[in-house]
Each structure stands twice: as C-alpha cells, then as structure tokens.
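Step one of this worksheet: look at the structure below.
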Amino acid sequence: AQSVSQHNHHVILSEAASLELGCNYSYGGTVNLFWYVQYPGQHLQLLLKYFSGDPLVKGIKGFEAEFIKSKFSFNLRKPSVQWSDTAEYFCAVNMAGGFKTIFGAGTRLFVKA
Amino acid sequence: GAVVSQHPSRVICKSGTSVKIECRSLDFQATTMFWYRQFPKQSLMLMATSNEGSKATYEQGVEKDKFLINHASLTLSTLTVTSAHPEDSSFYICSASVSGGEETGELFFGEGSRLTVL
C-alpha cells in the first residue's frame, strides 16, 4: 500500500536556524507532491506543490522543497526560520490522475524566539 | 484562493445521538469532497470520498452506516455520525478539490470539527 513517511515528529529550533523536514513516499508511479501547513488555530493550507518540471519548488514564506525521484523523497527546507513558522507540517502525495491524497503523520515545529 | 467552510467547529453530544457536520465550498464548485479523521498526534486518515450526486466511496474499515455522507450539491457535503459513541470522538476535517483540478490533487481544507461524545 502507498504510504508517506515523515521522519521527525517534533522539531525545536531557535530563530534563524535552518530547517529541513524529511518526507519519503512509497509509490513507483507518477506522483504529485505537497507540503501543507497548519498554523495554531487555523486551517490546513498549501505551502508548496510539485507536479512536474523543476524538482526544486519554491513556496510561500521562503519555503522550498526538492523532489528527488530516485530517493522517493520530497524534503522541505527553509534557510532561516522565524518564530511565526511554528506550526504543524504535513507532507502529502497524490497519485497523478487519482483522487486520493495520502498524508504523512505530520511534524510539529516549534521555533523559539 | 478557494475557501472551504466547516460547521460546527466544536460539538459535544451524548452517546447514542447523531451529529451532522457540514462542509461548504464558498467560492468554487467542488465535484469531489473528502472527509478525514485526525487522531491526536497522528496523520489525517481518509474516511471517504464524497461525489456530488452519487454515493460516497468509503475507505476500508470505515463503516458507511455509521458515517453517512451526503453530497447533494456542488457546494455542500455533510457527514453524519450516527449513534455516536465515545470512541467516535475525534477531529473531522473536510477538504475539496476545485472542479477540473482533480488531476493535480490540490486540496482546500475546512477548519475541522472537533466531536466529543460523552
């Protein structure tokens, strides 16, 4: 069965530290990849997405993610985090042409001011 | 961007009663809506896919008689938890794809509804 694995459940960083959240998926076909973010008390919202083309995608608020097909990975990065980045981050995979999106377990990021 | 609204955001009910949760797409038409359940410290678990004008497609292990889904229009899907029990207490989230955008899989989420069954 298809699955999405996020390596870190909790991450604590100080402001200005660099961030990398790991995400791996298990599916051999064509995929669409997403990172969603849920700020405290708010909806889940899209942070960035990859459908095709340049495997390095840039999203909102300075986030980027790199799709490495050979590693089935889609890691999220930000060079310098801010206190306002405190949130829960979900990696998600949708099999291209399919309806079902599978989510990872989420990573709770806490940024210390 | 597309907006999805869920109501109520919190509901407390007695065991044995039924609870209805509404999910509306406010500024777009959603042929397909999805219902998720989120357990504490766990991922979103897809419960069912709701298709406008047809029966919902339930994931394995989800009781369709327990979780009734109706998608009567292109902007409204409802989830009814029938004869609720304490183990049904959870956070329920709906999401929608913009019609014609299903192939990309991008989802727009409601606020979620926290159900507590006493």
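The way I read the labels, and the way they are meant: chains A, B, ... in the order of the structure tokens, residue 1 as the first residue of every chain, and ligand 1 as the first ligand shown, with later ones counted on from there.
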
Excluding Gln42 in chain A and any residue of its chain fewer than 3 positions from it, enumerate the residues within 7 Å of it, using only C-alpha atoms, and give them as a VMD selection string.
-> (chain A and resid 38 to 39) or (chain B and resid 111)

Env of Lys78 in chain A: 12 Å cut, atoms = only C-alpha atoms, seq-sep filter 6 positions within chain, self excluded. Answer as an mmCIF file with N, CA, C and O atoms, in the first residue's frame.
data_model
loop_
_atom_site.group_PDB
_atom_site.id
_atom_site.type_symbol
_atom_site.label_atom_id
_atom_site.label_comp_id
_atom_site.auth_asym_id
_atom_site.auth_seq_id
_atom_site.Cartn_x
_atom_site.Cartn_y
_atom_site.Cartn_z
ATOM 1 N N LEU A 13 13.566 24.492 17.118
ATOM 2 C CA LEU A 13 14.681 25.279 16.590
ATOM 3 C C LEU A 13 14.647 26.672 17.172
ATOM 4 O O LEU A 13 13.591 27.160 17.582
ATOM 5 N N GLU A 15 15.223 30.750 16.408
ATOM 6 C CA GLU A 15 15.065 31.631 15.258
ATOM 7 C C GLU A 15 16.393 31.757 14.516
ATOM 8 O O GLU A 15 17.450 31.800 15.128
ATOM 9 N N ALA A 16 16.282 31.829 13.199
ATOM 10 C CA ALA A 16 17.416 31.965 12.287
ATOM 11 C C ALA A 16 18.101 30.639 11.981
ATOM 12 O O ALA A 16 18.979 30.579 11.111
ATOM 13 N N ALA A 17 17.718 29.584 12.669
ATOM 14 C CA ALA A 17 18.292 28.273 12.355
ATOM 15 C C ALA A 17 17.726 27.788 11.026
ATOM 16 O O ALA A 17 16.660 28.220 10.588
ATOM 17 N N SER A 18 18.442 26.866 10.409
ATOM 18 C CA SER A 18 17.958 26.301 9.146
ATOM 19 C C SER A 18 17.079 25.083 9.445
ATOM 20 O O SER A 18 17.266 24.394 10.442
ATOM 21 N N LEU A 19 16.148 24.859 8.540
ATOM 22 C CA LEU A 19 15.170 23.781 8.730
ATOM 23 C C LEU A 19 15.217 22.825 7.560
ATOM 24 O O LEU A 19 15.292 23.245 6.406
ATOM 25 N N GLU A 20 15.162 21.543 7.870
ATOM 26 C CA GLU A 20 14.907 20.552 6.838
ATOM 27 C C GLU A 20 14.036 19.470 7.430
ATOM 28 O O GLU A 20 14.405 18.844 8.426
ATOM 29 N N LEU A 21 12.888 19.253 6.830
ATOM 30 C CA LEU A 21 11.960 18.208 7.260
ATOM 31 C C LEU A 21 11.922 17.133 6.180
ATOM 32 O O LEU A 21 11.679 17.426 5.014
ATOM 33 N N LEU A 47 1.422 24.858 1.317
ATOM 34 C CA LEU A 47 2.687 25.565 1.445
ATOM 35 C C LEU A 47 3.409 25.587 0.094
ATOM 36 O O LEU A 47 3.896 26.617 -0.353
ATOM 37 N N VAL A 57 11.146 23.254 -5.914
ATOM 38 C CA VAL A 57 9.983 24.140 -5.960
ATOM 39 C C VAL A 57 10.013 25.107 -4.792
ATOM 40 O O VAL A 57 10.457 24.774 -3.695
ATOM 41 N N LYS A 58 9.544 26.285 -5.064
ATOM 42 C CA LYS A 58 9.509 27.311 -4.025
ATOM 43 C C LYS A 58 8.062 27.588 -3.647
ATOM 44 O O LYS A 58 7.181 27.640 -4.496
ATOM 45 N N GLY A 59 7.867 27.756 -2.359
ATOM 46 C CA GLY A 59 6.522 28.028 -1.879
ATOM 47 C C GLY A 59 6.445 29.360 -1.184
ATOM 48 O O GLY A 59 7.294 30.223 -1.354
ATOM 49 N N ILE A 60 5.413 29.479 -0.373
ATOM 50 C CA ILE A 60 5.224 30.738 0.344
ATOM 51 C C ILE A 60 6.178 30.837 1.528
ATOM 52 O O ILE A 60 6.737 29.832 1.990
ATOM 53 N N LYS A 61 6.386 32.037 1.988
ATOM 54 C CA LYS A 61 7.135 32.331 3.215
ATOM 55 C C LYS A 61 8.559 31.787 3.211
ATOM 56 O O LYS A 61 9.097 31.431 4.259
ATOM 57 N N GLY A 62 9.162 31.714 2.034
ATOM 58 C CA GLY A 62 10.569 31.337 1.955
ATOM 59 C C GLY A 62 10.844 29.840 2.005
ATOM 60 O O GLY A 62 12.007 29.421 2.072
ATOM 61 N N PHE A 63 9.810 29.035 1.990
ATOM 62 C CA PHE A 63 9.996 27.583 1.997
ATOM 63 C C PHE A 63 10.287 27.076 0.593
ATOM 64 O O PHE A 63 9.825 27.637 -0.399
ATOM 65 N N GLU A 64 11.036 25.991 0.531
ATOM 66 C CA GLU A 64 11.275 25.299 -0.718
ATOM 67 C C GLU A 64 11.345 23.804 -0.435
ATOM 68 O O GLU A 64 11.528 23.377 0.709
ATOM 69 N N ALA A 65 11.172 23.028 -1.498
ATOM 70 C CA ALA A 65 11.257 21.584 -1.353
ATOM 71 C C ALA A 65 11.876 21.015 -2.610
ATOM 72 O O ALA A 65 11.703 21.555 -3.702
ATOM 73 N N GLU A 66 12.589 19.927 -2.440
ATOM 74 C CA GLU A 66 13.255 19.299 -3.570
ATOM 75 C C GLU A 66 12.748 17.881 -3.746
ATOM 76 O O GLU A 66 12.778 17.065 -2.806
ATOM 77 N N ASP A 85 6.923 30.627 12.114
ATOM 78 C CA ASP A 85 6.860 29.346 11.392
ATOM 79 C C ASP A 85 6.427 28.200 12.302
ATOM 80 O O ASP A 85 6.284 27.059 11.839
#

Tell me which of B:Leu76, B:Gln38, B:Val81, B:Glu52 sits closest to chain A, counting only C-alpha atoms.
->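 Comparing B:Leu76, B:Gln38, B:Val81, B:Glu52 against chain A, the winner is B:Gln38.
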
Using only C-alpha atoms, which residues of chain B come within 9 Å of chain A, and what is the closest atom pair for each, with the distance in Å to one decimal? Give it as a Markdown table, sorted by chain and residue number.
| residue | atom | partner | partner_atom | distance |
| --- | --- | --- | --- | --- |
| B:Thr32 | CA | A:Phe99 | CA | 8.6 |
| B:Phe34 | CA | A:Lys100 | CA | 8.7 |
| B:Lys41 | CA | A:Ala105 | CA | 7.5 |
| B:Gln42 | CA | A:Ala105 | CA | 5.1 |
| B:Ser43 | CA | A:Ala105 | CA | 3.9 |
| B:Leu44 | CA | A:Phe103 | CA | 6.2 |
| B:Met45 | CA | A:Phe103 | CA | 7.7 |
| B:Leu46 | CA | A:Ile102 | CA | 7.8 |
| B:Thr49 | CA | A:Lys100 | CA | 8.2 |
| B:Ser97 | CA | A:Phe99 | CA | 8.9 |
| B:Glu102 | CA | A:Phe99 | CA | 6.4 |
| B:Glu103 | CA | A:Gly97 | CA | 4.7 |
| B:Thr104 | CA | A:Asn32 | CA | 6.6 |
| B:Gly105 | CA | A:Asn94 | CA | 5.9 |
| B:Glu106 | CA | A:Phe34 | CA | 7.9 |
| B:Leu107 | CA | A:Leu46 | CA | 7.8 |
| B:Phe108 | CA | A:Gln45 | CA | 6.9 |
| B:Phe109 | CA | A:Leu44 | CA | 5.8 |
| B:Gly110 | CA | A:His43 | CA | 6.2 |
| B:Glu111 | CA | A:His43 | CA | 4.8 |
| B:Gly112 | CA | A:His43 | CA | 7.4 |

d(CA of Ser90 in chain B, CA of Thr116 in chain B) in Å |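 These two atoms are separated by 6.8 Å.
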